[in-house]
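Asker: target-v1.cif is reproduced below (mmCIF, C-alpha atoms, pLDDT in the B column; chains and numbers go by the auth columns).
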data_target
#
loop_
_atom_site.group_PDB
_atom_site.id
_atom_site.type_symbol
_atom_site.label_atom_id
_atom_site.label_comp_id
_atom_site.label_asym_id
_atom_site.label_seq_id
_atom_site.Cartn_x
_atom_site.Cartn_y
_atom_site.Cartn_z
_atom_site.B_iso_or_equiv
_atom_site.auth_seq_id
_atom_site.auth_asym_id
ATOM 1 C CA MET A 1 58.505 -139.303 87.431 46.00 1 A
ATOM 2 C CA SER A 2 62.046 -140.622 86.999 54.00 2 A
ATOM 3 C CA LYS A 3 62.827 -143.062 84.201 62.00 3 A
ATOM 4 C CA ILE A 4 65.936 -144.951 83.170 61.00 4 A
ATOM 5 C CA LYS A 5 67.432 -144.117 79.770 59.00 5 A
ATOM 6 C CA SER A 6 70.411 -145.446 77.871 62.00 6 A
ATOM 7 C CA HIS A 7 72.990 -142.975 76.515 57.00 7 A
ATOM 8 C CA ASN A 8 76.467 -143.896 75.215 57.00 8 A
ATOM 9 C CA ASN A 9 76.010 -147.466 76.485 60.00 9 A
ATOM 10 C CA LYS A 10 75.322 -146.234 80.046 58.00 10 A
ATOM 11 C CA LEU A 11 72.080 -146.162 82.019 60.00 11 A
ATOM 12 C CA TYR A 12 70.912 -142.874 83.509 56.00 12 A
ATOM 13 C CA TYR A 13 67.961 -141.656 85.570 57.00 13 A
ATOM 14 C CA VAL A 14 65.959 -139.077 83.626 58.00 14 A
ATOM 15 C CA ASP A 15 63.337 -136.844 85.233 55.00 15 A
ATOM 16 C CA ASN A 16 61.540 -136.140 81.967 54.00 16 A
ATOM 17 C CA ASP A 17 61.556 -137.384 78.381 54.00 17 A
ATOM 18 C CA LYS A 18 63.240 -134.280 76.951 53.00 18 A
ATOM 19 C CA THR A 19 66.683 -134.126 78.534 62.00 19 A
ATOM 20 C CA LEU A 20 69.349 -136.311 80.039 82.00 20 A
ATOM 21 C CA SER A 21 70.260 -135.059 83.495 91.00 21 A
ATOM 22 C CA LYS A 22 73.775 -133.873 84.285 95.00 22 A
ATOM 23 C CA VAL A 23 75.747 -134.273 87.503 96.00 23 A
ATOM 24 C CA TYR A 24 77.893 -131.211 88.145 97.00 24 A
ATOM 25 C CA LEU A 25 80.971 -132.205 90.172 94.00 25 A
ATOM 26 C CA ILE A 26 82.106 -128.946 91.765 93.00 26 A
ATOM 27 C CA GLN A 27 85.822 -129.826 91.969 92.00 27 A
ATOM 28 C CA GLU A 28 87.898 -132.754 90.815 87.00 28 A
ATOM 29 C CA ILE A 29 88.330 -135.399 93.485 83.00 29 A
ATOM 30 C CA PRO A 30 91.550 -135.054 95.562 79.00 30 A
ATOM 31 C CA GLY A 31 94.310 -137.154 94.023 79.00 31 A
ATOM 32 C CA SER A 32 92.840 -136.953 90.511 78.00 32 A
ATOM 33 C CA SER A 33 95.786 -134.962 89.198 75.00 33 A
ATOM 34 C CA LYS A 34 98.085 -137.872 90.165 80.00 34 A
ATOM 35 C CA GLY A 35 95.723 -140.445 88.701 80.00 35 A
ATOM 36 C CA GLU A 36 94.869 -141.747 92.176 78.00 36 A
ATOM 37 C CA PRO A 37 91.514 -140.247 93.205 79.00 37 A
ATOM 38 C CA LYS A 38 90.830 -140.418 96.950 79.00 38 A
ATOM 39 C CA TYR A 39 87.346 -141.817 96.360 79.00 39 A
ATOM 40 C CA ASN A 40 85.276 -143.245 93.536 82.00 40 A
ATOM 41 C CA ILE A 41 82.301 -141.250 92.246 87.00 41 A
ATOM 42 C CA LEU A 42 81.280 -143.571 89.422 86.00 42 A
ATOM 43 C CA GLY A 43 78.075 -144.448 91.287 89.00 43 A
ATOM 44 C CA ALA A 44 76.864 -140.886 90.608 92.00 44 A
ATOM 45 C CA GLN A 45 76.832 -141.639 86.866 91.00 45 A
ATOM 46 C CA LYS A 46 73.470 -143.348 87.165 91.00 46 A
ATOM 47 C CA TYR A 47 71.986 -139.870 87.746 94.00 47 A
ATOM 48 C CA GLY A 48 73.529 -138.364 84.623 93.00 48 A
ATOM 49 C CA GLU A 49 76.679 -137.433 82.788 93.00 49 A
ATOM 50 C CA ILE A 50 79.334 -136.127 85.197 93.00 50 A
ATOM 51 C CA ILE A 51 80.607 -132.659 84.329 94.00 51 A
ATOM 52 C CA THR A 52 83.554 -131.343 86.353 93.00 52 A
ATOM 53 C CA LEU A 53 83.439 -127.598 86.962 95.00 53 A
ATOM 54 C CA LEU A 54 86.850 -126.845 88.510 92.00 54 A
ATOM 55 C CA PRO A 55 90.262 -128.497 88.865 88.00 55 A
ATOM 56 C CA GLU A 56 91.308 -130.178 92.095 86.00 56 A
ATOM 57 C CA PHE A 57 93.362 -127.293 93.528 85.00 57 A
ATOM 58 C CA SER A 58 90.958 -124.386 92.837 84.00 58 A
ATOM 59 C CA GLN A 59 90.452 -122.071 95.791 82.00 59 A
ATOM 60 C CA MET A 60 88.371 -119.032 96.631 84.00 60 A
ATOM 61 C CA ILE A 61 90.715 -116.069 97.090 81.00 61 A
ATOM 62 C CA LEU A 62 90.267 -112.577 98.514 81.00 62 A
ATOM 63 C CA SER A 63 88.680 -111.322 95.293 85.00 63 A
ATOM 64 C CA PRO A 64 86.033 -113.938 94.428 90.00 64 A
ATOM 65 C CA GLY A 65 84.528 -111.983 91.498 90.00 65 A
ATOM 66 C CA PRO A 66 86.442 -113.728 88.665 90.00 66 A
ATOM 67 C CA LEU A 67 85.710 -117.199 90.071 92.00 67 A
ATOM 68 C CA ILE A 68 82.014 -116.362 90.490 93.00 68 A
ATOM 69 C CA HIS A 69 81.881 -115.139 86.882 94.00 69 A
ATOM 70 C CA LYS A 70 83.575 -118.360 85.698 95.00 70 A
ATOM 71 C CA LEU A 71 81.146 -120.524 87.698 95.00 71 A
ATOM 72 C CA ARG A 72 78.109 -118.619 86.351 95.00 72 A
ATOM 73 C CA THR A 73 79.381 -119.308 82.828 96.00 73 A
ATOM 74 C CA LEU A 74 80.005 -123.007 83.575 96.00 74 A
ATOM 75 C CA LEU A 75 76.538 -123.375 85.144 96.00 75 A
ATOM 76 C CA LYS A 76 74.582 -121.440 82.482 95.00 76 A
ATOM 77 C CA ASN A 77 72.954 -124.664 81.211 94.00 77 A
ATOM 78 C CA TYR A 78 72.060 -126.006 84.670 95.00 78 A
ATOM 79 C CA THR A 79 68.410 -127.096 84.851 93.00 79 A
ATOM 80 C CA PRO A 80 66.221 -128.233 87.754 92.00 80 A
ATOM 81 C CA ASP A 81 66.609 -131.799 86.396 93.00 81 A
ATOM 82 C CA ASP A 82 70.382 -131.738 87.039 96.00 82 A
ATOM 83 C CA TYR A 83 72.295 -132.606 90.209 97.00 83 A
ATOM 84 C CA LEU A 84 75.173 -131.124 92.186 97.00 84 A
ATOM 85 C CA LEU A 85 77.891 -133.409 93.532 95.00 85 A
ATOM 86 C CA LEU A 86 79.439 -131.438 96.395 94.00 86 A
ATOM 87 C CA SER A 87 83.196 -131.863 96.521 91.00 87 A
ATOM 88 C CA GLY A 88 86.014 -129.420 97.220 90.00 88 A
ATOM 89 C CA ASP A 89 86.494 -126.044 98.892 92.00 89 A
ATOM 90 C CA PRO A 90 83.478 -125.296 101.133 93.00 90 A
ATOM 91 C CA ALA A 91 83.482 -121.627 100.042 93.00 91 A
ATOM 92 C CA ILE A 92 83.224 -122.687 96.388 94.00 92 A
ATOM 93 C CA ILE A 93 80.469 -125.196 97.244 95.00 93 A
ATOM 94 C CA GLY A 94 78.531 -122.358 98.898 95.00 94 A
ATOM 95 C CA VAL A 95 78.922 -120.121 95.850 96.00 95 A
ATOM 96 C CA VAL A 96 77.827 -122.886 93.460 96.00 96 A
ATOM 97 C CA CYS A 97 74.707 -123.621 95.534 96.00 97 A
ATOM 98 C CA SER A 98 73.930 -119.882 95.603 96.00 98 A
ATOM 99 C CA ILE A 99 74.329 -119.498 91.837 96.00 99 A
ATOM 100 C CA VAL A 100 72.166 -122.543 91.117 97.00 100 A
ATOM 101 C CA ALA A 101 69.475 -121.424 93.596 96.00 101 A
ATOM 102 C CA ASP A 102 69.481 -117.983 91.972 95.00 102 A
ATOM 103 C CA THR A 103 68.889 -119.427 88.496 94.00 103 A
ATOM 104 C CA THR A 104 66.274 -122.037 89.514 95.00 104 A
ATOM 105 C CA ASN A 105 64.115 -119.996 91.909 94.00 105 A
ATOM 106 C CA GLY A 106 65.596 -121.770 94.919 95.00 106 A
ATOM 107 C CA LYS A 107 65.059 -125.346 93.730 95.00 107 A
ATOM 108 C CA TYR A 108 67.899 -127.725 92.978 96.00 108 A
ATOM 109 C CA LYS A 109 69.027 -131.295 93.556 97.00 109 A
ATOM 110 C CA LEU A 110 72.190 -132.716 95.026 95.00 110 A
ATOM 111 C CA LEU A 111 73.580 -136.183 95.552 96.00 111 A
ATOM 112 C CA LYS A 112 74.395 -137.352 99.065 94.00 112 A
ATOM 113 C CA TRP A 113 76.701 -140.295 99.699 91.00 113 A
ATOM 114 C CA ASP A 114 75.429 -142.860 102.192 91.00 114 A
ATOM 115 C CA ARG A 115 78.454 -144.594 103.749 88.00 115 A
ATOM 116 C CA GLN A 116 76.427 -147.432 105.196 90.00 116 A
ATOM 117 C CA GLU A 117 74.554 -148.302 101.994 89.00 117 A
ATOM 118 C CA LYS A 118 77.489 -147.272 99.776 87.00 118 A
ATOM 119 C CA THR A 119 75.301 -145.427 97.299 92.00 119 A
ATOM 120 C CA TYR A 120 74.217 -141.904 96.347 93.00 120 A
ATOM 121 C CA TYR A 121 70.763 -140.609 97.237 95.00 121 A
ATOM 122 C CA PRO A 122 69.195 -137.607 95.535 96.00 122 A
ATOM 123 C CA ILE A 123 68.078 -134.765 97.793 96.00 123 A
ATOM 124 C CA GLU A 124 65.754 -132.068 96.496 96.00 124 A
ATOM 125 C CA ILE A 125 66.353 -128.611 97.956 95.00 125 A
ATOM 126 C CA ASN A 126 63.800 -125.816 97.950 95.00 126 A
ATOM 127 C CA ILE A 127 65.153 -122.872 99.922 94.00 127 A
ATOM 128 C CA TYR A 128 61.730 -121.187 99.941 91.00 128 A
ATOM 129 C CA GLN A 129 59.803 -124.206 101.253 88.00 129 A
ATOM 130 C CA LYS A 130 58.164 -123.590 104.621 84.00 130 A
#
What's the C-alpha cells form of this structure?

Answerer:
Amino acid sequence: MSKIKSHNNKLYYVDNDKTLSKVYLIQEIPGSSKGEPKYNILGAQKYGEIITLLPEFSQMILSPGPLIHKLRTLLKNYTPDDYLLLSGDPAIIGVVCSIVADTTNGKYKLLKWDRQEKTYYPIEINIYQK
C-alpha cells in the first residue's frame, strides 16, 4: 500500500516503509541545456526523487554496446518500487525498459502524463501477465 513520506522537505509516495522510491528520468528534458526546459516534470517528484540517467542530446548509435553497459550501471539500484519517466530517444527508452524488465522479472512502473488532468499517473507493467 502506498504511503506519503517527507524527505528533504518534500512529500513523496512510498510503496513500503523501507525505501524512498526513485523516478528515473531517461534523458534530460529538451531545452534543459539552455536553462529553458520544453516541459515541466516537477509533478513527478511526488513519486520520488528524480534521477536523470542521460544528458539531453544522448543518442543510440550503430554500436549500442557501450551505452547499454552505461545504462546497466546507472540502473543497478533500480527496484520494483521505483518509476521510469520516459523521455528522449525512443531507442534508448526501449533499451531502458528492457534492462529494467530483465532485472525485475518483467515488473516495473512508469509514470504517464495525462494532458487533460495535468498530472502523472503510475502504470504498473508486468510483461509476463496473461

Asker: Of the candidates A:Leu54, A:Val100, A:Ile41, A:Ile61, which shows the shortest atom-to-atom distance to Asp81 of chain A, using only C-alpha atoms?

Answerer: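 Looking at the shortest contact to Asp81 of chain A, the residue is A:Val100.
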
Asker: Which residue is closest to Lys118 of chain A? Choose from A:Ile29, A:Met60, A:Leu75, A:Leu42 and count all atoms listed in the file.

Answerer: A:Leu42

Asker: Evaluating the PyMOL selection byres ((chain A and resi 105) around 10) on the displayed file yields which residues, as a PDB file with C-alpha atoms, keeping the file's coordinate frame?

Answerer:
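Produced file out.pdb, reproduced below:
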ATOM      1  CA  PRO A  80      66.221-128.233  87.754  1.00 92.00           C
ATOM      2  CA  VAL A 100      72.166-122.543  91.117  1.00 97.00           C
ATOM      3  CA  ALA A 101      69.475-121.424  93.596  1.00 96.00           C
ATOM      4  CA  ASP A 102      69.481-117.983  91.972  1.00 95.00           C
ATOM      5  CA  THR A 103      68.889-119.427  88.496  1.00 94.00           C
ATOM      6  CA  THR A 104      66.274-122.037  89.514  1.00 95.00           C
ATOM      7  CA  GLY A 106      65.596-121.770  94.919  1.00 95.00           C
ATOM      8  CA  LYS A 107      65.059-125.346  93.730  1.00 95.00           C
ATOM      9  CA  TYR A 108      67.899-127.725  92.978  1.00 96.00           C
ATOM     10  CA  ASN A 126      63.800-125.816  97.950  1.00 95.00           C
ATOM     11  CA  ILE A 127      65.153-122.872  99.922  1.00 94.00           C
ATOM     12  CA  TYR A 128      61.730-121.187  99.941  1.00 91.00           C
TER      13      TYR A 128
END

Asker: Show which residues sit within 12 Å of Asp114 of chain A, as a list in words. Count all atoms listed in the file, and ignore same-chain residues fewer than 5 positions away.

Answerer: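 So the residues in contact are Gly43, Ala44, Thr119, Tyr120, Tyr121, Pro122 and Ile123 of chain A.
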
Asker: Just so the selection is clear, what residues does the PyMOL selection byres ((chain A and resi 84) around 8) cover here, as a ChimeraX atom specification?

Answerer: /A:23-26,82-83,85-86,109-111

Asker: Separation of atom CA of Pro55 of chain A and atom CA of Arg115 of chain A, in Å?

Answerer: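 Atom CA of Arg115 of chain A lies 24.9 Å from atom CA of Pro55 of chain A.
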
Asker: Please provide the set of residues having any atom within 12 Å of Thr73 of chain A, restricted to all atoms listed in the file, with same-chain residues fewer than 2 positions apart removed, written as a list in words.

Answerer: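 Contacts, in chain order: Leu53, Pro66, Leu67, Ile68, His69, Lys70, Leu71, Leu75, Lys76, Asn77, Tyr78, Val96, Ile99, Val100 and Thr103 of chain A.
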
Asker: For each of A:Ser87, A:Asn40, A:Ser98, A:Thr79, take the minimum atom-to-atom distance to Glu28 of chain A, counting only C-alpha atoms, then give the residue where this is smallest.

Answerer: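 Answer, going by the shortest atom-to-atom distance: A:Ser87.
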
Asker: One decimal, Å: what's the distance from atom CA of Glu36 of chain A over to atom CA of Ser21 of chain A, could you say?

Answerer: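 According to the coordinates, atom CA of Glu36 of chain A and atom CA of Ser21 of chain A are separated by 26.9 Å.
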
Asker: How many Å lie between atom CA of Ile50 of chain A and atom CA of Gln129 of chain A, rounded to one decimal?

Answerer: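 Distance reported for this atom pair: 28.0 Å.
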
Asker: Nearest residue to Ile93 of chain A out of A:Phe57, A:Gln45, A:Gln27, A:Ile125, using only C-alpha atoms?

Answerer: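 Of the candidates, the smallest distance to Ile93 of chain A is held by A:Gln27.
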
Asker: Draw an axis-aligned box tight on the listed atoms of segment 48-57 of chain A, then pad every side by 4 Å and write out centre and edge lengths in Å to one decimal as AutoDock Vina command-line options.

Answerer:
--center_x 83.4 --center_y -132.6 --center_z 88.2 --size_x 27.8 --size_y 19.5 --size_z 18.7

Asker: Which residue gives the smallest distance to Asp89 of chain A among A:Gln59, A:Lys22, A:Trp113, A:Tyr47, with all atoms listed in the file counted?

Answerer: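 Answer, going by the shortest atom-to-atom distance: A:Gln59.
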
Asker: Write segment 68-91 of chain A as an mmCIF file, keeping the file's coordinate frame, completed to N, CA, C and O atoms.

Answerer:
data_model
loop_
_atom_site.group_PDB
_atom_site.id
_atom_site.type_symbol
_atom_site.label_atom_id
_atom_site.label_comp_id
_atom_site.auth_asym_id
_atom_site.auth_seq_id
_atom_site.Cartn_x
_atom_site.Cartn_y
_atom_site.Cartn_z
ATOM 1 N N ILE A 68 83.481 -116.358 90.569
ATOM 2 C CA ILE A 68 82.014 -116.362 90.490
ATOM 3 C C ILE A 68 81.570 -116.210 89.042
ATOM 4 O O ILE A 68 80.667 -116.916 88.577
ATOM 5 N N HIS A 69 82.215 -115.320 88.305
ATOM 6 C CA HIS A 69 81.881 -115.139 86.882
ATOM 7 C C HIS A 69 82.123 -116.435 86.105
ATOM 8 O O HIS A 69 81.286 -116.846 85.292
ATOM 9 N N LYS A 70 83.254 -117.095 86.377
ATOM 10 C CA LYS A 70 83.575 -118.360 85.698
ATOM 11 C C LYS A 70 82.525 -119.421 86.021
ATOM 12 O O LYS A 70 82.054 -120.146 85.133
ATOM 13 N N LEU A 71 82.145 -119.523 87.298
ATOM 14 C CA LEU A 71 81.146 -120.524 87.698
ATOM 15 C C LEU A 71 79.783 -120.237 87.075
ATOM 16 O O LEU A 71 79.089 -121.154 86.649
ATOM 17 N N ARG A 72 79.389 -118.964 87.005
ATOM 18 C CA ARG A 72 78.109 -118.619 86.351
ATOM 19 C C ARG A 72 78.120 -119.079 84.891
ATOM 20 O O ARG A 72 77.130 -119.609 84.395
ATOM 21 N N THR A 73 79.253 -118.877 84.225
ATOM 22 C CA THR A 73 79.381 -119.308 82.828
ATOM 23 C C THR A 73 79.297 -120.829 82.721
ATOM 24 O O THR A 73 78.591 -121.367 81.870
ATOM 25 N N LEU A 74 80.005 -121.543 83.606
ATOM 26 C CA LEU A 74 80.005 -123.007 83.575
ATOM 27 C C LEU A 74 78.632 -123.596 83.918
ATOM 28 O O LEU A 74 78.302 -124.700 83.478
ATOM 29 N N LEU A 75 77.845 -122.877 84.707
ATOM 30 C CA LEU A 75 76.538 -123.375 85.144
ATOM 31 C C LEU A 75 75.372 -122.794 84.339
ATOM 32 O O LEU A 75 74.216 -122.988 84.710
ATOM 33 N N LYS A 76 75.652 -122.110 83.243
ATOM 34 C CA LYS A 76 74.582 -121.440 82.482
ATOM 35 C C LYS A 76 73.534 -122.417 81.941
ATOM 36 O O LYS A 76 72.389 -122.036 81.739
ATOM 37 N N ASN A 77 73.907 -123.678 81.733
ATOM 38 C CA ASN A 77 72.954 -124.664 81.211
ATOM 39 C C ASN A 77 72.364 -125.557 82.304
ATOM 40 O O ASN A 77 71.693 -126.533 81.997
ATOM 41 N N TYR A 78 72.608 -125.217 83.563
ATOM 42 C CA TYR A 78 72.060 -126.006 84.670
ATOM 43 C C TYR A 78 70.534 -125.915 84.640
ATOM 44 O O TYR A 78 69.965 -124.844 84.448
ATOM 45 N N THR A 79 69.879 -127.065 84.811
ATOM 46 C CA THR A 79 68.410 -127.096 84.851
ATOM 47 C C THR A 79 67.968 -127.747 86.161
ATOM 48 O O THR A 79 68.761 -128.435 86.816
ATOM 49 N N PRO A 80 66.712 -127.585 86.531
ATOM 50 C CA PRO A 80 66.221 -128.233 87.754
ATOM 51 C C PRO A 80 66.264 -129.765 87.697
ATOM 52 O O PRO A 80 66.116 -130.417 88.723
ATOM 53 N N ASP A 81 66.494 -130.350 86.526
ATOM 54 C CA ASP A 81 66.609 -131.799 86.396
ATOM 55 C C ASP A 81 68.028 -132.296 86.681
ATOM 56 O O ASP A 81 68.259 -133.496 86.764
ATOM 57 N N ASP A 82 68.988 -131.379 86.814
ATOM 58 C CA ASP A 82 70.382 -131.738 87.039
ATOM 59 C C ASP A 82 70.676 -131.876 88.530
ATOM 60 O O ASP A 82 69.843 -131.544 89.376
ATOM 61 N N TYR A 83 71.874 -132.364 88.833
ATOM 62 C CA TYR A 83 72.295 -132.606 90.209
ATOM 63 C C TYR A 83 73.632 -131.934 90.480
ATOM 64 O O TYR A 83 74.455 -131.780 89.577
ATOM 65 N N LEU A 84 73.863 -131.575 91.740
ATOM 66 C CA LEU A 84 75.173 -131.124 92.186
ATOM 67 C C LEU A 84 75.815 -132.242 92.986
ATOM 68 O O LEU A 84 75.158 -132.880 93.808
ATOM 69 N N LEU A 85 77.104 -132.469 92.747
ATOM 70 C CA LEU A 85 77.891 -133.409 93.532
ATOM 71 C C LEU A 85 78.914 -132.560 94.286
ATOM 72 O O LEU A 85 79.842 -132.007 93.698
ATOM 73 N N LEU A 86 78.689 -132.397 95.591
ATOM 74 C CA LEU A 86 79.439 -131.438 96.395
ATOM 75 C C LEU A 86 80.794 -131.994 96.802
ATOM 76 O O LEU A 86 80.884 -132.885 97.635
ATOM 77 N N SER A 87 81.837 -131.434 96.215
ATOM 78 C CA SER A 87 83.196 -131.863 96.521
ATOM 79 C C SER A 87 84.110 -130.663 96.381
ATOM 80 O O SER A 87 83.985 -129.891 95.430
ATOM 81 N N GLY A 88 85.031 -130.486 97.346
ATOM 82 C CA GLY A 88 86.014 -129.420 97.220
ATOM 83 C C GLY A 88 85.931 -128.367 98.304
ATOM 84 O O GLY A 88 85.435 -128.608 99.410
ATOM 85 N N ASP A 89 86.426 -127.185 97.986
ATOM 86 C CA ASP A 89 86.494 -126.044 98.892
ATOM 87 C C ASP A 89 85.082 -125.650 99.341
ATOM 88 O O ASP A 89 84.220 -125.358 98.510
ATOM 89 N N PRO A 90 84.823 -125.640 100.653
ATOM 90 C CA PRO A 90 83.478 -125.296 101.133
ATOM 91 C C PRO A 90 82.984 -123.924 100.665
ATOM 92 O O PRO A 90 81.792 -123.748 100.411
ATOM 93 N N ALA A 91 83.893 -122.948 100.530
ATOM 94 C CA ALA A 91 83.482 -121.627 100.042
ATOM 95 C C ALA A 91 82.978 -121.717 98.602
ATOM 96 O O ALA A 91 81.972 -121.092 98.241
#
